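File shown here: structure-v1.tsv, holding TSV, C-alpha atoms.
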chain	number	residue	atom	x	y	z
A	424	MET	CA	89.96	91.31	99.83
A	425	GLN	CA	89.02	94.13	97.50
A	426	VAL	CA	87.63	93.36	94.07
A	427	LEU	CA	88.75	95.35	91.04
A	428	ASP	CA	87.74	94.53	87.48
A	429	GLY	CA	86.27	91.26	88.69
A	430	LYS	CA	89.51	90.10	90.30
A	431	ALA	CA	90.10	89.82	94.02
A	432	LYS	CA	93.31	91.48	95.20
A	433	PRO	CA	95.04	89.69	98.10
A	434	SER	CA	95.91	91.21	101.45
A	435	VAL	CA	99.64	91.89	101.78
A	436	VAL	CA	101.70	92.75	104.86
A	437	PHE	CA	105.08	94.41	104.28
A	438	LEU	CA	107.44	93.72	107.19
A	439	ALA	CA	110.68	95.54	108.04
A	440	SER	CA	112.74	96.41	111.08
A	441	THR	CA	112.55	100.15	110.47
A	442	LEU	CA	112.42	102.40	107.40
A	443	PRO	CA	115.16	105.04	107.34
A	444	THR	CA	116.05	106.81	104.09
A	445	GLY	CA	117.90	104.24	101.96
A	446	GLY	CA	117.69	102.56	98.59
A	447	ALA	CA	116.28	99.26	99.83
A	448	GLU	CA	113.74	101.03	102.00
A	449	LYS	CA	112.69	103.31	99.12
A	450	MET	CA	112.01	100.27	96.96
A	451	PHE	CA	110.10	98.56	99.78
A	452	VAL	CA	107.91	101.60	100.41
A	453	GLY	CA	107.39	102.30	96.71
A	454	ILE	CA	106.22	98.76	96.03
A	455	ALA	CA	103.81	98.89	98.96
A	456	GLU	CA	102.31	102.19	97.78
A	457	GLY	CA	102.22	101.03	94.16
A	458	LEU	CA	100.33	97.87	95.00
A	459	LYS	CA	97.87	99.86	97.10
A	460	THR	CA	96.99	101.93	94.05
A	461	LYS	CA	96.33	98.66	92.20
A	462	GLY	CA	93.71	97.70	94.79
A	463	PHE	CA	95.71	95.47	97.13
A	464	GLN	CA	94.96	95.59	100.83
A	465	VAL	CA	98.39	96.79	101.99
A	466	ARG	CA	99.68	97.19	105.53
A	467	VAL	CA	103.23	97.95	106.65
A	468	VAL	CA	104.60	96.63	109.94
A	469	CYS	CA	107.85	97.90	111.47
A	470	LEU	CA	109.33	95.91	114.32
A	471	LYS	CA	111.01	99.06	115.63
A	472	GLU	CA	110.17	102.71	114.95
A	473	ALA	CA	108.71	103.69	111.60
A	474	GLY	CA	111.69	105.79	110.49
A	475	GLU	CA	111.70	108.67	108.00
A	476	LEU	CA	110.21	106.69	105.12
A	477	GLY	CA	107.75	104.96	107.43
A	478	SER	CA	106.37	108.32	108.46
A	479	MET	CA	105.91	109.20	104.78
A	480	VAL	CA	104.05	105.92	104.24
A	481	MET	CA	101.53	106.86	106.91
A	482	GLN	CA	101.03	110.26	105.27
A	483	SER	CA	100.26	108.52	101.96
A	484	GLY	CA	97.36	106.67	103.55
A	485	VAL	CA	98.93	103.22	103.93
A	486	GLU	CA	98.23	101.70	107.34
A	487	LEU	CA	101.45	101.28	109.35
A	488	ILE	CA	102.03	99.57	112.69
A	489	GLU	CA	105.30	100.27	114.51
A	490	GLY	CA	107.08	99.39	117.77
A	491	VAL	CA	106.14	95.72	117.64
A	492	MET	CA	109.46	94.26	118.81
A	493	ALA	CA	111.85	96.77	120.35
A	494	GLU	CA	114.41	94.10	121.26
A	495	ARG	CA	115.81	91.67	118.70
A	496	ALA	CA	115.09	88.49	120.68
A	497	SER	CA	111.93	89.52	122.51
A	498	VAL	CA	109.46	86.70	123.12
A	499	SER	CA	106.71	89.18	123.99
A	500	GLY	CA	107.46	91.12	120.81
A	501	PHE	CA	107.31	87.95	118.73
A	502	LEU	CA	103.95	87.04	120.27
A	503	ARG	CA	102.76	90.57	119.56
A	504	LEU	CA	103.79	90.15	115.91
A	505	CYS	CA	101.93	86.84	115.73
A	506	GLY	CA	98.83	88.54	117.08
A	507	ILE	CA	99.06	91.34	114.53
A	508	LEU	CA	99.53	88.94	111.61
A	509	ARG	CA	96.65	86.77	112.83
A	510	LYS	CA	94.39	89.84	112.90
A	511	LEU	CA	95.53	91.16	109.51
A	512	ASP	CA	95.37	87.67	107.97
A	513	PRO	CA	97.60	88.37	104.94
A	514	ALA	CA	97.73	86.11	101.92
A	515	ILE	CA	101.32	87.30	101.40
A	516	LEU	CA	104.04	88.43	103.78
A	517	TYR	CA	106.70	90.53	102.00
A	518	VAL	CA	109.79	90.85	104.21
A	519	LEU	CA	112.69	93.27	103.74
A	520	ASP	CA	116.12	91.72	104.34
A	521	HIS	CA	116.55	93.09	107.87
A	522	ARG	CA	117.70	90.08	109.89
A	523	ASN	CA	115.23	90.41	112.78
A	524	ALA	CA	112.36	90.87	110.31
A	525	VAL	CA	113.41	87.79	108.31
A	526	VAL	CA	113.66	85.60	111.40
A	527	ALA	CA	110.56	86.82	113.26
A	528	GLY	CA	108.42	87.20	110.14
A	529	THR	CA	109.25	83.78	108.71
A	530	LEU	CA	108.68	81.98	112.01
A	531	ALA	CA	105.40	83.80	112.66
A	532	SER	CA	104.10	83.20	109.14
A	533	ILE	CA	104.93	79.50	109.38
A	534	LEU	CA	103.03	79.20	112.67
A	535	LEU	CA	100.05	81.08	111.25
A	536	GLY	CA	100.00	79.30	107.90
A	537	VAL	CA	100.55	82.34	105.70
A	538	LYS	CA	100.70	80.92	102.17
A	539	GLY	CA	102.97	83.44	100.48
A	540	ARG	CA	106.29	84.22	102.15
A	541	LEU	CA	108.81	86.39	100.30
A	542	VAL	CA	112.13	87.93	101.36
A	543	ALA	CA	113.51	90.82	99.28
A	544	VAL	CA	117.32	90.94	99.46
A	545	HIS	CA	118.86	94.25	98.38
A	546	SER	CA	122.47	93.66	99.42
A	547	THR	CA	125.19	91.47	98.00
A	548	ARG	CA	127.11	90.53	101.13
A	549	LEU	CA	124.50	91.14	103.79
A	550	TRP	CA	124.71	87.70	105.38
A	551	GLY	CA	128.43	87.20	104.90
A	552	GLY	CA	128.59	84.07	102.74
A	553	ARG	CA	127.54	80.51	103.50
A	554	LYS	CA	130.24	79.91	106.13
A	555	SER	CA	129.06	82.85	108.22
A	556	LEU	CA	125.37	82.93	107.35
A	557	GLN	CA	123.70	84.28	110.45
A	558	PHE	CA	121.78	81.67	112.43
A	559	PRO	CA	118.91	80.82	112.12
A	560	ILE	CA	118.48	82.25	108.60
A	561	PRO	CA	119.85	79.07	106.90
A	562	LEU	CA	117.16	77.02	108.65
A	563	LEU	CA	114.37	79.42	107.70
A	564	LEU	CA	115.06	80.18	104.04
A	565	PRO	CA	113.77	76.77	102.84
A	566	PHE	CA	110.36	77.83	104.19
A	567	VAL	CA	110.35	81.02	102.10
A	568	GLU	CA	108.53	80.60	98.79
A	569	LYS	CA	110.68	83.14	96.97
A	570	VAL	CA	113.80	85.16	97.69
A	571	ILE	CA	113.72	88.30	95.55
A	572	ALA	CA	117.06	89.42	94.07
A	573	VAL	CA	117.50	92.77	92.38
A	574	SER	CA	119.93	91.69	89.64
A	575	ASP	CA	121.24	88.65	87.81
A	576	SER	CA	124.71	88.88	89.35
A	577	GLN	CA	123.25	89.19	92.84
A	578	ARG	CA	121.12	86.11	92.18
A	579	GLU	CA	124.26	84.17	91.24
A	580	TYR	CA	126.02	85.43	94.36
A	581	LEU	CA	123.14	84.46	96.64
A	582	SER	CA	123.22	80.99	95.11
A	583	SER	CA	126.98	80.39	95.17
A	584	GLU	CA	127.86	82.14	98.44
A	585	GLU	CA	124.68	82.10	100.51
A	586	GLY	CA	123.52	78.69	99.36
A	587	ILE	CA	120.04	79.78	98.24
A	588	PRO	CA	118.79	77.49	95.44
A	589	LEU	CA	118.32	79.26	92.12
A	590	THR	CA	114.81	77.80	91.88
A	591	ARG	CA	113.80	79.71	95.02
A	592	MET	CA	114.87	83.07	93.63
A	593	LYS	CA	113.21	85.61	91.40
A	594	VAL	CA	114.92	88.68	89.93
A	595	VAL	CA	112.96	91.92	90.16
A	596	ARG	CA	115.32	94.70	89.14
A	597	ASN	CA	115.27	98.03	90.94
A	598	GLY	CA	113.55	101.02	89.37
A	599	ILE	CA	112.91	104.70	89.94
A	600	ASP	CA	110.10	107.19	89.39
A	601	LEU	CA	111.32	108.53	86.05
A	602	SER	CA	108.90	111.44	86.09
A	603	ALA	CA	110.85	113.03	88.95
A	604	PHE	CA	114.14	112.96	87.03
A	605	ARG	CA	113.22	113.15	83.35
A	606	ASN	CA	112.83	116.89	82.82
A	607	GLY	CA	114.26	120.12	84.17
A	608	ASP	CA	117.53	122.04	84.09
A	609	SER	CA	120.13	122.96	86.64
A	610	SER	CA	119.48	126.36	88.13
A	611	ASP	CA	121.83	129.25	88.79
A	612	SER	CA	119.96	129.83	92.04
A	613	MET	CA	121.08	126.43	93.31
A	614	ARG	CA	124.71	127.28	92.50
A	615	THR	CA	124.24	130.52	94.40
A	616	GLU	CA	122.69	128.74	97.39
A	617	LEU	CA	125.64	126.31	97.51
A	618	ASN	CA	128.15	129.12	96.87
A	619	ILE	CA	129.59	127.45	93.76
A	620	PRO	CA	130.95	129.97	91.21
A	621	LYS	CA	129.56	129.74	87.71
A	622	GLY	CA	131.79	127.70	85.41
A	623	VAL	CA	133.44	125.63	88.14
A	624	PRO	CA	132.86	121.93	87.34
A	625	ILE	CA	130.96	119.82	89.88
A	626	VAL	CA	131.54	116.16	90.71
A	627	GLY	CA	128.59	114.94	92.73
A	628	CYS	CA	127.82	111.94	94.90
A	629	VAL	CA	124.44	111.04	96.36
A	630	ALA	CA	124.97	108.42	99.08
A	631	GLY	CA	124.72	107.90	102.80
A	632	LEU	CA	127.86	108.92	104.66
A	633	ARG	CA	128.70	105.35	105.61
A	634	PRO	CA	131.96	103.35	105.34
A	635	GLU	CA	130.83	101.10	102.46
A	636	LYS	CA	130.13	104.09	100.19
A	637	GLY	CA	133.86	104.79	99.81
A	638	HIS	CA	133.98	108.54	100.45
A	639	PHE	CA	137.53	108.27	101.81
A	640	ILE	CA	138.63	106.82	98.47
A	641	LEU	CA	136.86	109.67	96.69
A	642	PHE	CA	138.71	112.19	98.84
A	643	SER	CA	142.07	110.66	97.91
A	644	ALA	CA	141.06	110.83	94.26
A	645	ALA	CA	139.90	114.42	94.75
A	646	LYS	CA	143.29	115.45	96.14
A	647	GLU	CA	145.05	113.93	93.11
A	648	LEU	CA	142.55	115.43	90.67
A	649	LEU	CA	142.81	118.92	92.13
A	650	SER	CA	146.60	118.83	91.82
A	651	THR	CA	146.49	118.01	88.10
A	652	PHE	CA	143.18	119.32	86.74
A	653	GLY	CA	142.45	122.57	88.48
A	654	ASP	CA	139.48	123.96	90.35
A	655	CYS	CA	136.58	121.57	90.93
A	656	ILE	CA	133.83	121.13	93.52
A	657	PHE	CA	132.92	117.81	95.10
A	658	LEU	CA	129.26	117.93	96.13
A	659	LEU	CA	128.22	115.27	98.66
A	660	VAL	CA	124.48	114.79	99.11
A	661	GLY	CA	123.45	112.60	102.03
A	662	SER	CA	123.81	112.20	105.76
A	663	GLY	CA	125.21	109.51	108.00
A	664	THR	CA	127.39	108.46	110.89
A	665	MET	CA	130.67	109.40	109.19
A	666	SER	CA	129.91	113.07	108.60
A	667	GLU	CA	132.38	114.47	111.14
A	668	GLU	CA	135.13	111.97	110.21
A	669	LEU	CA	134.82	112.92	106.56
A	670	LYS	CA	134.94	116.63	107.32
A	671	SER	CA	138.12	116.06	109.33
A	672	GLU	CA	139.61	113.99	106.49
A	673	ALA	CA	138.87	116.76	103.98
A	674	GLN	CA	140.67	119.20	106.26
A	675	ARG	CA	143.63	116.85	106.67
A	676	LEU	CA	144.00	116.40	102.92
A	677	GLY	CA	143.71	120.13	102.29
A	678	ILE	CA	140.62	119.80	100.08
A	679	ALA	CA	137.97	121.12	102.48
A	680	SER	CA	137.40	124.29	100.42
A	681	ASN	CA	136.53	122.09	97.43
A	682	VAL	CA	134.09	119.80	99.26
A	683	ILE	CA	130.49	120.70	100.02
A	684	PHE	CA	128.51	118.59	102.49
A	685	ALA	CA	124.95	119.30	101.38
A	686	GLY	CA	123.36	116.86	103.84
A	687	ARG	CA	120.11	115.04	103.23
A	688	ARG	CA	118.03	116.84	100.59
A	689	GLU	CA	114.55	116.51	99.15
A	690	ASN	CA	115.51	118.21	95.85
A	691	VAL	CA	117.85	115.46	94.62
A	692	PRO	CA	116.82	115.77	90.93
A	693	GLU	CA	117.74	119.45	90.92
A	694	LEU	CA	121.10	118.69	92.53
A	695	LEU	CA	121.82	115.87	90.09
A	696	ARG	CA	121.20	118.19	87.14
A	697	LEU	CA	123.71	120.61	88.67
A	698	MET	CA	126.50	118.00	88.48
A	699	ASP	CA	128.87	117.63	85.55
A	700	VAL	CA	129.79	114.07	86.54
A	701	PHE	CA	128.14	111.73	89.02
A	702	VAL	CA	130.43	109.49	91.07
A	703	LEU	CA	129.77	106.52	93.33
A	704	PRO	CA	133.00	105.10	94.87
A	705	SER	CA	131.39	102.22	96.79
A	706	LEU	CA	133.44	99.39	98.25
A	707	PRO	CA	132.52	95.71	97.61
A	708	VAL	CA	130.65	95.25	100.89
A	709	VAL	CA	126.87	95.44	100.48
A	710	GLU	CA	126.37	97.55	97.33
A	711	THR	CA	124.18	95.87	94.74
A	712	ALA	CA	121.97	98.00	92.46
A	713	PRO	CA	122.11	101.60	93.76
A	714	LEU	CA	119.17	103.83	92.91
A	715	SER	CA	121.33	106.94	92.90
A	716	VAL	CA	123.17	105.76	89.79
A	717	MET	CA	119.86	105.14	88.01
A	718	GLU	CA	118.66	108.60	89.06
A	719	ALA	CA	121.84	110.25	87.76
A	720	MET	CA	121.47	108.47	84.42
A	721	ALA	CA	117.81	109.49	84.21
A	722	CYS	CA	118.99	113.10	84.61
A	723	GLY	CA	121.41	112.65	81.72
A	724	ARG	CA	124.59	112.59	83.77
A	725	ALA	CA	127.70	110.58	82.93
A	726	VAL	CA	128.60	108.20	85.74
A	727	VAL	CA	131.91	107.15	87.22
A	728	ALA	CA	131.46	104.23	89.61
A	729	THR	CA	133.38	101.35	91.10
A	730	ASP	CA	132.85	97.95	89.52
A	731	VAL	CA	131.06	96.37	92.48
A	732	GLY	CA	127.75	94.61	93.06
A	733	SER	CA	125.56	94.79	89.98
A	734	LEU	CA	126.75	98.16	88.72
A	735	ARG	CA	127.97	96.57	85.48
A	736	GLU	CA	124.33	95.68	84.76
A	737	ILE	CA	123.35	99.35	85.19
A	738	VAL	CA	126.30	101.28	83.76
A	739	GLU	CA	127.60	100.26	80.34
A	740	ASP	CA	131.32	100.86	80.75
A	741	GLY	CA	132.57	103.28	78.10
A	742	ALA	CA	129.07	104.08	76.86
A	743	THR	CA	126.97	105.50	79.72
A	744	GLY	CA	129.84	105.91	82.16
A	745	LEU	CA	133.14	104.55	83.38
A	746	LEU	CA	133.72	101.71	85.85
A	747	VAL	CA	136.91	101.55	87.92
A	748	PRO	CA	138.29	99.01	90.41
A	749	PRO	CA	137.03	99.51	93.99
A	750	GLY	CA	139.47	101.09	96.42
A	751	ASP	CA	141.69	102.45	93.61
A	752	SER	CA	141.78	106.21	94.09
A	753	HIS	CA	144.24	106.74	91.23
A	754	SER	CA	141.98	105.01	88.68
A	755	LEU	CA	139.03	106.96	90.06
A	756	ALA	CA	140.91	110.26	89.66
A	757	LEU	CA	141.90	109.42	86.07
A	758	ALA	CA	138.33	108.50	85.13
A	759	LEU	CA	136.93	111.71	86.61
A	760	LYS	CA	139.61	113.80	84.91
A	761	SER	CA	138.95	112.21	81.52
A	762	LEU	CA	135.26	113.20	81.66
A	763	LEU	CA	135.76	116.64	83.16
A	764	ALA	CA	138.25	117.41	80.41
A	765	ASP	CA	135.96	116.24	77.60
A	766	SER	CA	132.53	117.87	77.67
A	767	ALA	CA	131.44	116.21	74.42
A	768	LYS	CA	132.23	112.76	75.80
A	769	ARG	CA	130.40	113.23	79.06
A	770	LYS	CA	127.37	114.77	77.32
A	771	GLU	CA	127.16	111.81	74.95
A	772	MET	CA	127.43	109.40	77.90
A	773	GLY	CA	124.71	111.35	79.65
A	774	ARG	CA	122.47	111.18	76.60
A	775	MET	CA	122.93	107.41	76.26
A	776	GLY	CA	122.37	106.93	79.98
A	777	LYS	CA	119.12	108.89	79.84
A	778	GLU	CA	117.90	106.72	76.96
A	779	ARG	CA	118.75	103.56	78.87
A	780	ALA	CA	117.01	104.82	82.00
A	781	ALA	CA	113.84	105.53	80.02
A	782	LYS	CA	113.82	101.99	78.62
A	783	GLU	CA	114.83	99.98	81.69
A	784	PHE	CA	114.46	101.81	85.00
A	785	ASP	CA	110.74	102.67	85.21
A	786	PHE	CA	109.39	101.89	88.69
A	787	ALA	CA	105.99	100.89	87.28
A	788	ARG	CA	107.72	97.77	85.92
A	789	VAL	CA	108.87	96.86	89.44
A	790	VAL	CA	105.31	97.01	90.78
A	791	ASP	CA	103.94	95.03	87.83
A	792	GLU	CA	106.59	92.30	88.19
A	793	THR	CA	105.93	92.08	91.93
A	794	GLU	CA	102.20	91.68	91.28
A	795	CYS	CA	102.92	88.88	88.78
A	796	LEU	CA	105.10	87.17	91.37
A	797	PHE	CA	102.27	87.35	93.92
A	798	GLU	CA	99.91	85.77	91.42
A	799	GLU	CA	102.41	83.01	90.67
A	800	ILE	CA	102.84	82.15	94.34
A	801	LEU	CA	99.15	82.20	95.22
A	802	SER	CA	98.18	80.11	92.20
A	803	GLY	CA	100.93	77.54	92.80

Can you turn what I pasted into structure tokens?
Amino acid sequence: MQVLDGKAKPSVVFLASTLPTGGAEKMFVGIAEGLKTKGFQVRVVCLKEAGELGSMVMQSGVELIEGVMAERASVSGFLRLCGILRKLDPAILYVLDHRNAVVAGTLASILLGVKGRLVAVHSTRLWGGRKSLQFPIPLLLPFVEKVIAVSDSQREYLSSEEGIPLTRMKVVRNGIDLSAFRNGDSSDSMRTELNIPKGVPIVGCVAGLRPEKGHFILFSAAKELLSTFGDCIFLLVGSGTMSEELKSEAQRLGIASNVIFAGRRENVPELLRLMDVFVLPSLPVVETAPLSVMEAMACGRAVVATDVGSLREIVEDGATGLLVPPGDSHSLALALKSLLADSAKRKEMGRMGKERAAKEFDFARVVDETECLFEEILSG
């Protein structure tokens, strides 16, 4: 252990399957790096490859071990994990909600007598409800000291549908690095790069191109909006497995000239500031507390989102944005039209959203609350 200000900081191992670019993985990596700056001995272990964010972790100076268990049910991989944990000797094992990491990490930590076992759950329907909870997770969760939820509504869901006792859960709400989104203006050069004429309104979405994000619903809404509102650009930031399907759907609907697939970008704050309205049309599958909505609010953008997961705890309907039923393209189109047609309304929503972000979304709070949770577990 290191000693800072007279206090010993425990050794912590962060365990995941892999770390691609995603909201849950960003939180996981950010907490690990934040605790390292506080003096904790932090190591990250990936059962598979490190992934994009894992590679960034290594560049930041956090020790990372990858390729521990290539196959999900590998006995040799499990023994390798046990050997790594025995050598690292963590006081706390912090596990991301990847199923193989939860199973292998919990079993290994039980065998090795790791005192603090935590599982951070970032999805609402990840394990499918108590009737379809994936074996052997139901048998292992009682041996986890704390299950971390990211919102109050998710905590209630995990209790009622996944059967996790409320006493075993702790809410640590998601946060973002406000400094990256607080200041700056949209640039004409970015419009030029994306070939968007000056004055044409932009509806933007930052999300992986995956089924649960609801891009097909957005496209249906876009077709309706374009037929009644006029010229508008739909800017999609993100990559994923559905890229080609979505491009084909845009062509089929006749809206391809109004849709820009920007791909995965590092300059998300600049792109968010370019948008007139931010939209997230997610379906009620695994969405819980999306970081992209927090980032859009921090940039002062009005939000239109579906009322799924914990979005009602982030977006104040009618004040910082508008919430619509999931899967309802007509309601989505009407909400977008109402904000695009009323610049004063969307600017006021953006202003209120920015104020809320400054008060509630700071990532430093996430790190502090996680540290307090560690102290509670180790002193118990």

One decimal place gives the atom CA of Met492 of chain A-atom CA of Gly536 of chain A separation as 20.8 Å

Please report as JSON lines every residue of segment 532-613 of chain A lying within 8 Å of segment 732-754 of chain A, along with the nearest atom pair and their distance in Å (one decimal), using only C-alpha atoms.
{"residue": "A:Thr547", "atom": "CA", "partner": "A:Gly732", "partner_atom": "CA", "distance": 6.4}
{"residue": "A:Ser574", "atom": "CA", "partner": "A:Ser733", "partner_atom": "CA", "distance": 6.4}
{"residue": "A:Asp575", "atom": "CA", "partner": "A:Ser733", "partner_atom": "CA", "distance": 7.8}
{"residue": "A:Ser576", "atom": "CA", "partner": "A:Ser733", "partner_atom": "CA", "distance": 6.0}
{"residue": "A:Gln577", "atom": "CA", "partner": "A:Ser733", "partner_atom": "CA", "distance": 6.7}

Which distance in Å separates atom CA of Phe463 of chain A and atom CA of Ala572 of chain A, to one decimal?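 Separation of atom CA of Phe463 of chain A and atom CA of Ala572 of chain A: 22.4 Å.
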
With only C-alpha atoms counted, which protein, DNA or RNA residues have an atom no more than 8 Å from (124.2, 107.3, 106.6) in the file frame? Please answer as a ChimeraX atom specification. /A:630-633,661-665

Report, as JSON, the axis-aligned box around all atoms of segment 593-596 of chain A present in the file, extended by 5 Å on each side; give centre and edge lengths in Å to one decimal place.
{"center_x": 114.1, "center_y": 90.2, "center_z": 90.3, "size_x": 12.4, "size_y": 19.1, "size_z": 12.3}

Atom pair atom CA of Thr793 of chain A / atom CA of Phe451 of chain A: separation (Å): 11.0 Å

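Using only C-alpha atoms, the contacts of Lys670 of chain A at a cut-off of 12 Å, with sequence neighbours closer than 2 positions omitted, comprise Leu632, His638, Phe639, Phe642, Leu659, Thr664, Met665, Ser666, Glu667, Glu668, Glu672, Ala673, Gln674, Arg675, Leu676, Gly677, Ile678, Ala679, Ser680, Asn681, Val682, Ile683, Phe684 and Ala685 of chain A.
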
Nearby residues (all atoms listed in the file) at most 12 Å from Asp611 of chain A, same-chain spacing under 2 positions excluded, as a PyMOL selection string: chain A and resi 608-609+613-622+693-694+696-697

One residue among A:Val573, A:Ala725, A:Leu757, A:Leu796 is nearest to Gly598 of chain A when using all atoms listed in the file, and that residue is A:Val573

Write out as JSON, numbers by chain each polymer residue whose atoms come within 10 Å of segment 525-535 of chain A, counting all atoms listed in the file; drop sequence neighbours fewer than 5 positions from it. {"A": [437, 438, 439, 440, 470, 492, 495, 496, 497, 498, 500, 501, 502, 504, 505, 506, 508, 509, 512, 513, 515, 516, 517, 518, 519, 520, 540, 541, 542, 543, 558, 559, 560, 562, 563, 564, 566, 567]}
